[in-house]
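Asks: You'll find entry04.cif just under this line, and it carries mmCIF, C-alpha atoms.
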data_model
#
loop_
_atom_site.label_atom_id
_atom_site.label_comp_id
_atom_site.auth_asym_id
_atom_site.auth_seq_id
_atom_site.Cartn_x
_atom_site.Cartn_y
_atom_site.Cartn_z
CA MET M 1 0.00 0.00 0.00
CA SER M 2 1.41 3.37 -0.94
CA THR M 3 1.89 5.96 1.74
CA PRO M 4 -0.22 9.10 1.23
CA PRO M 5 1.82 12.26 0.74
CA LEU M 6 2.43 14.40 3.78
CA ARG M 7 0.30 17.52 3.93
CA ALA M 8 2.07 20.75 4.63
CA ARG M 9 0.79 22.44 7.75
CA PRO M 10 -1.32 25.48 6.80
CA ALA M 11 0.50 28.75 7.23
CA PRO M 12 -0.62 30.56 10.40
CA THR M 13 -2.81 33.64 10.06
CA VAL M 14 -0.97 35.29 12.97
CA ARG M 15 2.44 34.15 14.16
CA THR M 16 3.48 33.88 17.79
CA GLN M 17 6.99 34.19 19.16
CA ARG M 18 8.84 30.89 19.48
CA HIS M 19 10.25 31.80 22.88
CA ASP M 20 8.65 33.29 25.98
CA PRO M 21 8.50 37.05 25.29
CA ALA M 22 8.43 37.72 29.03
CA GLN M 23 11.96 36.34 29.24
CA ARG M 24 13.55 37.30 25.94
CA PRO M 25 12.73 40.06 23.43
CA LEU M 26 12.75 39.32 19.75
CA ILE M 27 14.13 42.77 18.92
CA VAL M 28 16.28 45.26 20.82
CA ILE M 29 16.40 48.76 19.32
CA TRP M 30 19.26 51.03 20.35
CA GLU M 31 19.05 54.73 19.58
CA ALA M 32 22.76 55.32 19.08
CA THR M 33 22.36 59.10 18.77
CA ARG M 34 19.73 61.75 18.26
CA ALA M 35 21.98 63.70 15.91
CA CYS M 36 20.58 63.93 12.39
CA ALA M 37 20.84 66.32 9.45
CA LEU M 38 17.11 66.00 8.71
CA ALA M 39 14.20 67.80 10.36
CA CYS M 40 11.38 65.35 9.73
CA ARG M 41 7.84 66.43 10.54
CA HIS M 42 7.08 63.28 12.56
CA CYS M 43 10.40 62.79 14.38
CA ARG M 44 9.94 60.88 17.65
CA ALA M 45 13.43 61.86 18.77
CA GLU M 46 13.10 65.56 17.87
CA ALA M 47 16.56 65.09 16.39
CA ALA M 48 19.19 67.83 16.60
CA PRO M 49 22.23 68.63 14.44
CA GLY M 50 24.81 67.74 17.11
CA ARG M 51 25.45 64.69 19.28
CA HIS M 52 24.59 64.67 22.98
CA PRO M 53 27.67 64.62 25.24
CA SER M 54 26.15 61.90 27.43
CA GLU M 55 25.45 59.36 24.69
CA LEU M 56 26.57 55.81 25.41
CA SER M 57 30.25 55.52 24.54
CA THR M 58 31.74 52.82 22.33
CA ASP M 59 32.58 50.70 25.35
CA GLU M 60 29.14 51.30 26.90
CA ALA M 61 27.55 50.26 23.63
CA THR M 62 29.62 47.09 23.79
CA ALA M 63 28.44 46.49 27.37
CA LEU M 64 24.85 46.95 26.17
CA MET M 65 25.36 44.32 23.48
CA GLU M 66 26.83 41.97 26.08
CA GLN M 67 23.61 42.46 28.07
CA VAL M 68 21.62 41.54 24.95
CA VAL M 69 23.68 38.36 24.62
CA ALA M 70 22.85 37.60 28.26
CA PHE M 71 19.21 36.96 27.25
CA GLY M 72 20.50 33.70 25.80
CA ARG M 73 20.19 31.96 22.47
CA PRO M 74 18.71 32.59 20.05
CA TYR M 75 19.92 36.12 20.67
CA PRO M 76 17.55 39.04 20.03
CA ILE M 77 18.06 41.00 16.84
CA PHE M 78 20.04 44.15 17.65
CA VAL M 79 19.03 47.21 15.60
CA ILE M 80 21.05 50.44 15.68
CA THR M 81 18.97 53.51 14.90
CA GLY M 82 18.84 57.22 15.66
CA GLY M 83 18.60 60.15 14.79
CA ASP M 84 20.99 59.06 12.12
CA CYS M 85 23.33 56.30 13.22
CA PHE M 86 25.84 57.45 10.56
CA GLU M 87 26.46 60.49 12.77
CA ARG M 88 28.56 58.19 14.99
CA ASP M 89 32.06 57.70 13.64
CA ASP M 90 32.41 54.53 15.72
CA LEU M 91 29.41 52.84 14.07
CA ALA M 92 31.40 50.24 12.12
CA GLU M 93 33.47 49.41 15.19
CA ILE M 94 30.33 48.88 17.27
CA VAL M 95 28.95 46.60 14.56
CA ARG M 96 32.19 44.57 14.52
CA ARG M 97 32.04 44.15 18.28
CA GLY M 98 28.40 43.08 18.14
CA ARG M 99 29.13 40.52 15.44
CA ALA M 100 32.06 39.20 17.48
CA LEU M 101 29.60 38.60 20.33
CA GLY M 102 27.41 36.59 17.98
CA LEU M 103 24.64 39.15 17.48
CA ALA M 104 22.78 39.80 14.25
CA VAL M 105 23.23 43.58 13.91
CA ALA M 106 21.01 45.70 11.66
CA VAL M 107 21.08 49.46 11.10
CA SER M 108 18.45 52.11 10.36
CA PRO M 109 20.16 55.18 8.85
CA SER M 110 18.57 58.37 7.53
CA GLY M 111 18.46 59.45 3.91
CA THR M 112 21.20 62.05 4.22
CA ALA M 113 24.39 62.74 2.29
CA LYS M 114 26.10 60.16 4.52
CA LEU M 115 23.98 57.36 3.05
CA THR M 116 26.38 56.33 0.27
CA ARG M 117 27.48 53.10 -1.32
CA ASP M 118 30.88 53.43 0.37
CA SER M 119 29.37 53.92 3.85
CA LEU M 120 27.06 50.96 3.31
CA ALA M 121 29.94 48.84 2.03
CA ASP M 122 31.91 49.65 5.20
CA LEU M 123 29.00 48.47 7.34
CA HIS M 124 28.54 45.37 5.21
CA ASP M 125 32.23 44.57 5.65
CA ALA M 126 31.79 45.05 9.42
CA GLY M 127 28.98 42.48 9.45
CA VAL M 128 25.69 44.26 8.72
CA ASN M 129 23.44 42.18 6.49
CA ALA M 130 20.17 44.08 6.96
CA LEU M 131 19.05 47.68 7.19
CA SER M 132 15.86 49.68 7.11
CA LEU M 133 15.20 52.90 5.22
CA SER M 134 12.28 55.30 5.40
CA LEU M 135 10.18 56.17 2.35
CA ASP M 136 7.33 58.54 3.18
CA GLY M 137 6.02 59.31 -0.27
CA ALA M 138 5.87 57.87 -3.76
CA ASP M 139 7.73 60.85 -5.20
CA ALA M 140 10.37 63.38 -4.22
CA ALA M 141 7.90 66.20 -3.63
CA THR M 142 5.91 64.23 -1.04
CA HIS M 143 8.83 62.51 0.69
CA ASP M 144 11.12 65.54 0.78
CA GLY M 145 8.25 67.74 1.97
CA PHE M 146 7.73 65.37 4.89
CA ARG M 147 11.45 65.10 5.65
CA ARG M 148 11.88 68.86 5.16
CA VAL M 149 15.24 68.49 3.39
CA PRO M 150 15.61 68.30 -0.40
CA HIS M 151 17.10 65.24 -2.14
CA THR M 152 16.27 62.78 0.66
CA PHE M 153 14.01 60.80 -1.69
CA ASP M 154 16.77 60.39 -4.30
CA ARG M 155 19.34 59.52 -1.63
CA THR M 156 17.02 56.93 -0.11
CA ILE M 157 16.36 55.26 -3.47
CA ALA M 158 20.09 55.27 -4.29
CA GLY M 159 20.95 53.83 -0.86
CA TRP M 160 18.26 51.18 -1.24
CA ARG M 161 19.66 50.06 -4.59
CA ALA M 162 23.25 50.12 -3.34
CA ALA M 163 22.37 48.03 -0.29
CA ARG M 164 20.66 45.39 -2.43
CA GLU M 165 23.60 45.32 -4.84
CA LEU M 166 25.87 44.68 -1.85
CA GLY M 167 23.68 41.71 -0.88
CA MET M 168 22.00 43.36 2.10
CA LYS M 169 18.37 42.78 3.09
CA VAL M 170 16.33 45.98 3.08
CA GLN M 171 13.18 46.86 5.01
CA ILE M 172 11.29 49.94 3.84
CA ASN M 173 9.41 51.91 6.50
CA THR M 174 6.55 54.24 5.54
CA THR M 175 4.82 56.62 7.92
CA VAL M 176 1.09 56.35 7.24
CA ALA M 177 -0.36 59.81 7.73
CA ARG M 178 -2.52 62.39 6.00
CA HIS M 179 0.24 63.51 3.63
CA ASP M 180 0.76 60.14 1.91
CA VAL M 181 -2.24 57.93 2.65
CA HIS M 182 -3.55 58.22 -0.93
CA GLN M 183 -0.09 57.26 -2.25
CA LEU M 184 0.13 53.96 -0.39
CA ALA M 185 -0.59 51.88 -3.50
CA ASP M 186 2.09 53.73 -5.43
CA ILE M 187 4.61 53.27 -2.60
CA ALA M 188 3.75 49.56 -2.49
CA ALA M 189 4.32 49.31 -6.25
CA LEU M 190 7.72 50.98 -5.82
CA VAL M 191 8.61 48.48 -3.07
CA ARG M 192 7.60 45.64 -5.38
CA GLN M 193 9.64 47.09 -8.23
CA GLU M 194 12.83 47.72 -6.25
CA GLY M 195 12.57 44.66 -4.00
CA ALA M 196 12.54 44.55 -0.21
CA LEU M 197 12.53 42.00 2.57
CA THR M 198 9.59 43.81 4.20
CA TRP M 199 7.46 46.91 3.77
CA SER M 200 6.41 48.27 7.16
CA GLY M 201 3.51 50.70 7.42
CA PHE M 202 4.07 52.80 10.54
CA LEU M 203 0.81 54.13 11.94
CA LEU M 204 1.81 57.52 13.28
CA VAL M 205 2.10 57.95 17.06
CA PRO M 206 1.55 61.52 18.31
CA THR M 207 4.85 62.03 20.11
CA GLY M 208 7.81 64.32 19.47
CA ARG M 209 7.27 66.43 16.36
CA GLY M 210 4.60 63.95 15.24
CA ALA M 211 2.21 65.33 17.85
CA ASP M 212 1.41 68.21 15.50
CA LEU M 213 0.58 66.12 12.42
CA GLY M 214 -2.98 65.54 11.29
CA SER M 215 -4.21 62.09 12.30
CA LEU M 216 -6.24 59.60 10.32
CA THR M 217 -9.60 58.56 11.69
CA ALA M 218 -10.08 55.07 13.10
CA ARG M 219 -12.31 54.20 10.12
CA GLU M 220 -9.60 55.33 7.69
CA VAL M 221 -7.06 53.18 9.51
CA GLU M 222 -9.41 50.21 9.12
CA ASP M 223 -9.46 50.92 5.37
CA VAL M 224 -5.66 51.08 5.26
CA LEU M 225 -5.18 47.83 7.18
CA ASN M 226 -7.60 45.99 4.91
CA PHE M 227 -5.79 47.34 1.85
CA PHE M 228 -2.51 46.09 3.33
CA TYR M 229 -4.11 42.67 3.67
CA ASP M 230 -5.30 42.79 0.05
CA ILE M 231 -1.79 43.31 -1.34
CA GLY M 232 -0.16 40.63 0.81
CA HIS M 233 0.54 38.41 -2.20
CA ALA M 234 2.31 41.29 -4.00
CA VAL M 235 4.33 42.93 -1.22
CA PRO M 236 5.68 41.52 2.10
CA VAL M 237 3.73 44.01 4.20
CA LYS M 238 3.72 44.43 7.98
CA THR M 239 2.75 47.21 10.37
CA THR M 240 4.50 49.14 13.13
CA GLU M 241 2.28 50.43 15.95
CA GLY M 242 -0.60 48.92 14.01
CA HIS M 243 -1.23 45.87 16.15
CA HIS M 244 -4.86 45.58 15.07
CA PHE M 245 -3.60 44.41 11.68
CA ARG M 246 -3.48 41.01 13.41
CA ARG M 247 -7.19 41.24 14.17
CA VAL M 248 -7.89 42.27 10.57
CA ALA M 249 -5.85 39.30 9.28
CA LEU M 250 -7.84 36.88 11.44
CA GLN M 251 -11.18 38.34 10.44
CA ARG M 252 -10.33 38.44 6.74
CA ALA M 253 -9.17 34.81 6.81
CA ALA M 254 -12.37 33.81 8.63
CA LEU M 255 -14.51 35.60 6.05
CA ALA M 256 -12.64 33.90 3.23
CA ARG M 257 -13.34 30.52 4.83
CA ARG M 258 -17.02 31.35 4.94
CA GLY M 259 -17.01 32.70 1.38
CA VAL M 260 -18.34 36.05 2.63
CA GLY M 261 -17.42 39.34 0.98
CA HIS M 262 -15.20 41.39 3.24
CA GLU M 263 -16.03 44.93 2.16
CA GLU M 264 -19.54 44.95 3.61
CA ALA M 265 -18.74 42.64 6.52
CA MET M 266 -15.84 44.87 7.60
CA ASP M 267 -17.81 48.09 6.91
CA LEU M 268 -15.06 49.56 4.76
CA GLY M 269 -15.19 53.09 3.40
CA PRO M 270 -14.21 55.32 0.47
CA LEU M 271 -10.50 55.38 1.30
CA TYR M 272 -10.38 51.60 1.02
CA ARG M 273 -12.15 51.67 -2.32
CA SER M 274 -9.83 54.35 -3.73
CA LEU M 275 -6.74 52.44 -2.58
CA ARG M 276 -8.08 49.25 -4.17
CA VAL M 277 -8.78 51.00 -7.47
CA ARG M 278 -5.26 52.38 -7.58
CA GLY M 279 -3.79 49.07 -6.44
CA ALA M 280 -5.64 47.23 -9.20
CA ARG M 281 -4.30 49.62 -11.83
CA LEU M 282 -0.78 48.95 -10.57
CA GLY M 283 -1.25 45.18 -10.66
CA LEU M 284 -1.01 44.73 -6.89
CA LEU M 285 -4.28 42.83 -6.44
CA ASP M 286 -3.64 40.10 -9.02
CA ALA M 287 -0.20 39.03 -7.80
CA THR M 288 0.18 35.39 -6.76
CA ASP M 289 3.97 35.05 -6.67
CA ARG M 290 4.52 35.15 -2.90
CA GLU M 291 2.98 33.83 0.29
CA ARG M 292 1.12 36.27 2.49
CA ARG M 293 3.32 37.44 5.39
CA ALA M 294 1.47 36.58 8.60
CA PRO M 295 1.80 39.35 11.23
CA ILE M 296 3.64 38.38 14.41
CA ASN M 297 2.47 39.02 17.96
CA VAL M 298 5.21 41.44 19.03
CA SER M 299 4.51 44.70 20.86
CA SER M 300 5.89 47.09 23.46
CA ALA M 301 7.53 45.14 26.32
CA ASN M 302 6.24 41.94 24.73
CA GLY M 303 9.13 40.93 22.51
CA PHE M 304 10.27 44.50 21.89
CA VAL M 305 12.46 46.87 23.90
CA PHE M 306 14.02 50.27 23.15
CA VAL M 307 17.23 51.70 24.65
CA SER M 308 17.80 55.44 24.23
CA HIS M 309 21.03 57.25 23.42
CA LEU M 310 21.36 57.97 27.15
CA GLY M 311 20.80 54.34 28.17
CA THR M 312 17.22 54.68 29.41
CA VAL M 313 15.05 51.63 28.71
CA HIS M 314 11.56 52.00 27.24
CA PRO M 315 8.88 49.58 26.04
CA SER M 316 8.99 51.43 22.71
CA GLY M 317 10.69 54.45 21.23
CA PHE M 318 7.23 55.98 20.95
CA LEU M 319 6.33 55.40 24.61
CA PRO M 320 8.44 57.94 26.53
CA VAL M 321 8.24 56.28 29.95
CA ALA M 322 11.48 54.81 31.28
CA ALA M 323 11.75 51.56 33.22
CA GLY M 324 15.41 51.95 34.14
CA ASN M 325 18.85 52.63 32.69
CA VAL M 326 21.41 50.13 31.41
CA ARG M 327 24.13 52.17 33.13
CA VAL M 328 22.51 51.23 36.44
CA ALA M 329 20.85 47.82 35.96
CA PRO M 330 21.19 45.06 33.36
CA LEU M 331 18.81 45.14 30.43
CA THR M 332 17.78 41.57 31.20
CA GLU M 333 16.63 42.57 34.68
CA ILE M 334 14.76 45.66 33.48
CA TYR M 335 13.02 43.82 30.64
CA ARG M 336 12.01 40.77 32.69
CA SER M 337 11.16 42.31 36.04
CA SER M 338 10.41 46.04 35.93
CA PRO M 339 6.84 46.91 37.01
CA LEU M 340 6.33 48.86 33.77
CA PHE M 341 7.24 45.97 31.49
CA THR M 342 5.39 43.31 33.47
CA ALA M 343 2.25 45.47 33.56
CA LEU M 344 2.34 46.01 29.79
CA ARG M 345 2.55 42.24 29.26
CA ASP M 346 -0.73 41.74 31.14
CA PRO M 347 -3.71 42.06 28.76
CA ASP M 348 -6.07 42.17 31.75
CA ARG M 349 -4.72 45.67 32.53
CA LEU M 350 -6.29 47.05 29.34
CA THR M 351 -9.37 49.23 29.65
CA GLY M 352 -12.14 50.47 27.36
CA ARG M 353 -12.79 48.58 24.14
CA CYS M 354 -9.32 46.97 24.25
CA GLY M 355 -10.06 45.50 27.68
CA ALA M 356 -13.32 44.01 26.43
CA CYS M 357 -11.99 42.83 23.06
CA GLU M 358 -11.85 39.14 22.19
CA TYR M 359 -8.59 39.79 20.29
CA ARG M 360 -6.75 41.56 23.10
CA ARG M 361 -4.25 38.73 23.64
CA ILE M 362 -3.02 38.81 20.04
CA CYS M 363 -3.51 42.54 19.46
CA GLY M 364 -3.71 44.70 22.57
CA GLY M 365 -3.61 47.92 20.55
CA SER M 366 -0.78 50.43 20.46
CA ARG M 367 0.12 51.29 24.02
CA SER M 368 2.27 54.12 22.64
CA ARG M 369 -0.66 55.71 20.82
CA ALA M 370 -2.98 55.25 23.78
CA TYR M 371 -0.44 57.04 25.96
CA GLY M 372 0.21 59.76 23.40
CA VAL M 373 -3.49 60.55 22.94
CA THR M 374 -4.88 60.00 26.45
CA GLY M 375 -1.91 59.93 28.83
CA ASP M 376 -2.97 56.43 29.89
CA MET M 377 -0.94 53.61 28.38
CA PHE M 378 -3.67 51.08 29.21
CA ALA M 379 -6.48 53.00 27.51
CA GLU M 380 -8.21 51.72 24.39
CA GLU M 381 -6.47 52.03 21.02
CA PRO M 382 -7.57 55.42 19.58
CA TRP M 383 -7.05 54.32 15.96
CA CYS M 384 -9.13 51.13 16.13
CA ALA M 385 -12.75 51.22 14.96
CA TYR M 386 -13.68 47.69 16.00
CA VAL M 387 -16.46 47.23 18.55
CA PRO M 388 -15.76 44.06 20.57
CA GLY M 389 -18.08 41.17 19.90
CA THR M 390 -19.51 42.48 16.62
CA PHE M 391 -17.66 40.25 14.14
CA PRO M 392 -20.39 38.04 12.65
CA TYR M 393 -18.35 34.81 12.57
CA PRO M 394 -16.63 34.53 15.95
CA GLU M 395 -16.21 30.74 15.78
CA GLU M 396 -14.29 30.89 12.51
CA ALA M 397 -12.04 33.69 13.77
CA GLY M 398 -11.54 31.94 17.12
CA ALA M 399 -10.42 28.78 15.36
CA LEU M 400 -7.60 30.76 13.74
CA LEU M 401 -6.29 32.24 16.99
CA PRO M 402 -2.77 31.06 17.92
CA ARG M 403 -2.78 28.30 20.55
#
Could you rewrite the structure in this file as structure tokens?

Replies:
Amino acid sequence: MSTPPLRARPAPTVRTQRHDPAQRPLIVIWEATRACALACRHCRAEAAPGRHPSELSTDEATALMEQVVAFGRPYPIFVITGGDCFERDDLAEIVRRGRALGLAVAVSPSGTAKLTRDSLADLHDAGVNALSLSLDGADAATHDGFRRVPHTFDRTIAGWRAARELGMKVQINTTVARHDVHQLADIAALVRQEGALTWSGFLLVPTGRGADLGSLTAREVEDVLNFFYDIGHAVPVKTTEGHHFRRVALQRAALARRGVGHEEAMDLGPLYRSLRVRGARLGLLDATDRERRAPINVSSANGFVFVSHLGTVHPSGFLPVAAGNVRVAPLTEIYRSSPLFTALRDPDRLTGRCGACEYRRICGGSRSRAYGVTGDMFAEEPWCAYVPGTFPYPEEAGALLPR
């Protein structure tokens, strides 16, 4: 008797972390400096032209990386950001030291005159295999207007191409806000054309300079997240501070199983329809050449930690509440045991619609945005339109929840 072929396990709709996120983060972000030549309208760091005299030194940065190694294997991914990390002349040396410790080190530079093929080649030689770049418009006028410095669009595109030619993986980050929301399909098409490991849509958090930018409505965000889901077979899309994308992914998959149209069931609006029309014209809706990228259950203090240029430890770079300082206590101790981090890992602390939501354990909303809008980090997600308990097929969605 022949043995029936093995069936591949269905891809998960939402991924969970392989290791206990209360004990080990998936990602550690280090803000190496706040110095930057740009003056971006949304800047969390409110970057300045010069470096702060109390930034972590080269040796202190090395000690920080040793603390990251102390979380154990598999080590967290260590991402060096800013400001502009190229403002540090010891950047390549720090990368070499991190690689010698066994860390995977990525960088997130700005689109300035320092983003050149030579500077990227130096980092690649030091051991960087991945970087992220920001693209906040489909054209120079939109992107440069947002970044408030001319030529940043052209420099970003040139750096993107140079990094890929060097064999580096590139993530493209796009701030989703009023200035570019109608260009999202065009930005996605550019990502597809140039090639990227991931396209991350960052749902703006009102902190730093970003507090003065016009916000989207919760209904518009729902439209954007559903459009992101639509183009998942064309572009490897994810979200930053858009945790309810996980809820959307579950609901859309449940509707597909039932054979129910999503537009009416999800109560989508005119922004969604305009993005779909543009996406169809650009060929984004017919693509079948890649698997949909399932969102992963990572959030502030729950698989993610941010260390500032001064060594203060935060659940996120967009949540300006410190839990400690790596100059005083080990990062492992702060991440695992601080009252701030342990509270944020408890979904029963959530209030409002988030506290009542059936998806709170895989979503939880943006604690950074809740804090930025209300001053209460446990308040309901201001940019989520979902009313708990109203999805018409709860059994189907529940069956897709991670176990």

Asks: Just so the selection is clear, what residues does the PyMOL selection byres ((chain M and resi 304-321) around 8) cover here, as a PyMOL selection string?

Replies: chain M and resi 25-34+44+54-56+205+207+298-303+322-327+331+334-335+341+367-369+371-372

Asks: Those residues with C-alpha atoms, as a PDB file, in the frame of the given file please?

Replies:
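Output below, filename part.pdb:
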ATOM      1  CA  PRO M  25      12.730  40.060  23.430  1.00  0.00           C
ATOM      2  CA  LEU M  26      12.750  39.320  19.750  1.00  0.00           C
ATOM      3  CA  ILE M  27      14.130  42.770  18.920  1.00  0.00           C
ATOM      4  CA  VAL M  28      16.280  45.260  20.820  1.00  0.00           C
ATOM      5  CA  ILE M  29      16.400  48.760  19.320  1.00  0.00           C
ATOM      6  CA  TRP M  30      19.260  51.030  20.350  1.00  0.00           C
ATOM      7  CA  GLU M  31      19.050  54.730  19.580  1.00  0.00           C
ATOM      8  CA  ALA M  32      22.760  55.320  19.080  1.00  0.00           C
ATOM      9  CA  THR M  33      22.360  59.100  18.770  1.00  0.00           C
ATOM     10  CA  ARG M  34      19.730  61.750  18.260  1.00  0.00           C
ATOM     11  CA  ARG M  44       9.940  60.880  17.650  1.00  0.00           C
ATOM     12  CA  SER M  54      26.150  61.900  27.430  1.00  0.00           C
ATOM     13  CA  GLU M  55      25.450  59.360  24.690  1.00  0.00           C
ATOM     14  CA  LEU M  56      26.570  55.810  25.410  1.00  0.00           C
ATOM     15  CA  VAL M 205       2.100  57.950  17.060  1.00  0.00           C
ATOM     16  CA  THR M 207       4.850  62.030  20.110  1.00  0.00           C
ATOM     17  CA  VAL M 298       5.210  41.440  19.030  1.00  0.00           C
ATOM     18  CA  SER M 299       4.510  44.700  20.860  1.00  0.00           C
ATOM     19  CA  SER M 300       5.890  47.090  23.460  1.00  0.00           C
ATOM     20  CA  ALA M 301       7.530  45.140  26.320  1.00  0.00           C
ATOM     21  CA  ASN M 302       6.240  41.940  24.730  1.00  0.00           C
ATOM     22  CA  GLY M 303       9.130  40.930  22.510  1.00  0.00           C
ATOM     23  CA  ALA M 322      11.480  54.810  31.280  1.00  0.00           C
ATOM     24  CA  ALA M 323      11.750  51.560  33.220  1.00  0.00           C
ATOM     25  CA  GLY M 324      15.410  51.950  34.140  1.00  0.00           C
ATOM     26  CA  ASN M 325      18.850  52.630  32.690  1.00  0.00           C
ATOM     27  CA  VAL M 326      21.410  50.130  31.410  1.00  0.00           C
ATOM     28  CA  ARG M 327      24.130  52.170  33.130  1.00  0.00           C
ATOM     29  CA  LEU M 331      18.810  45.140  30.430  1.00  0.00           C
ATOM     30  CA  ILE M 334      14.760  45.660  33.480  1.00  0.00           C
ATOM     31  CA  TYR M 335      13.020  43.820  30.640  1.00  0.00           C
ATOM     32  CA  PHE M 341       7.240  45.970  31.490  1.00  0.00           C
ATOM     33  CA  ARG M 367       0.120  51.290  24.020  1.00  0.00           C
ATOM     34  CA  SER M 368       2.270  54.120  22.640  1.00  0.00           C
ATOM     35  CA  ARG M 369      -0.660  55.710  20.820  1.00  0.00           C
ATOM     36  CA  TYR M 371      -0.440  57.040  25.960  1.00  0.00           C
ATOM     37  CA  GLY M 372       0.210  59.760  23.400  1.00  0.00           C
TER      38      GLY M 372
END

Asks: Do you know which residues are at most 7 Å from Val248 (chain M) counting all atoms listed in the file, after dropping those on the same chain fewer than 4 positions away, and could you put them as a list in words?

Replies: Asn226, His244 and Arg252 of chain M

Asks: Would you pick out the contacts of region 69-77 of chain M at 8 Å or less, using only C-alpha atoms, so that residues sharing its chain but fewer than 2 positions from it are not included, and give the list as an NGL selection string?

Replies: :M and (23-28 or 65-67 or 79 or 101-106 or 332)

Asks: Mind telling me what the PyMOL selection byres ((chain M and resi 351-355) around 7) catches here, as a PyMOL selection string?

Replies: chain M and resi 348-350+356-357+360+364-365+378-381+387-388

Asks: Enumerate, as a list in words, the residues matched when the PyMOL selection byres ((chain M and resi 232) around 10) is run on the file above.

Replies: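 Selected by the PyMOL selection byres ((chain M and resi 232) around 10) in this file: Phe227, Phe228, Tyr229, Asp230, Ile231, His233, Ala234, Val235, Pro236, Val237, Lys238, Leu284, Leu285, Ala287, Thr288, Arg290, Glu291, Arg292, Arg293 and Ala294 of chain M.
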
Asks: Taking into account all atoms listed in the file, which residue in the set M:Val68, M:Val14, M:Gly201, M:Ala37 is nearest to Pro150 (chain M)?

Replies: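 Result for the nearest residue to Pro150 (chain M): M:Ala37.
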
Asks: Write out as a list in words each polymer residue whose atoms come within 10 Å of Arg88 (chain M), counting only C-alpha atoms; drop sequence neighbours fewer than 2 positions from it.

Replies: Ala32, Thr33, Ala35, Arg51, Thr58, Gly82, Asp84, Cys85, Phe86, Asp90, Leu91, Ala92 and Ile94 of chain M
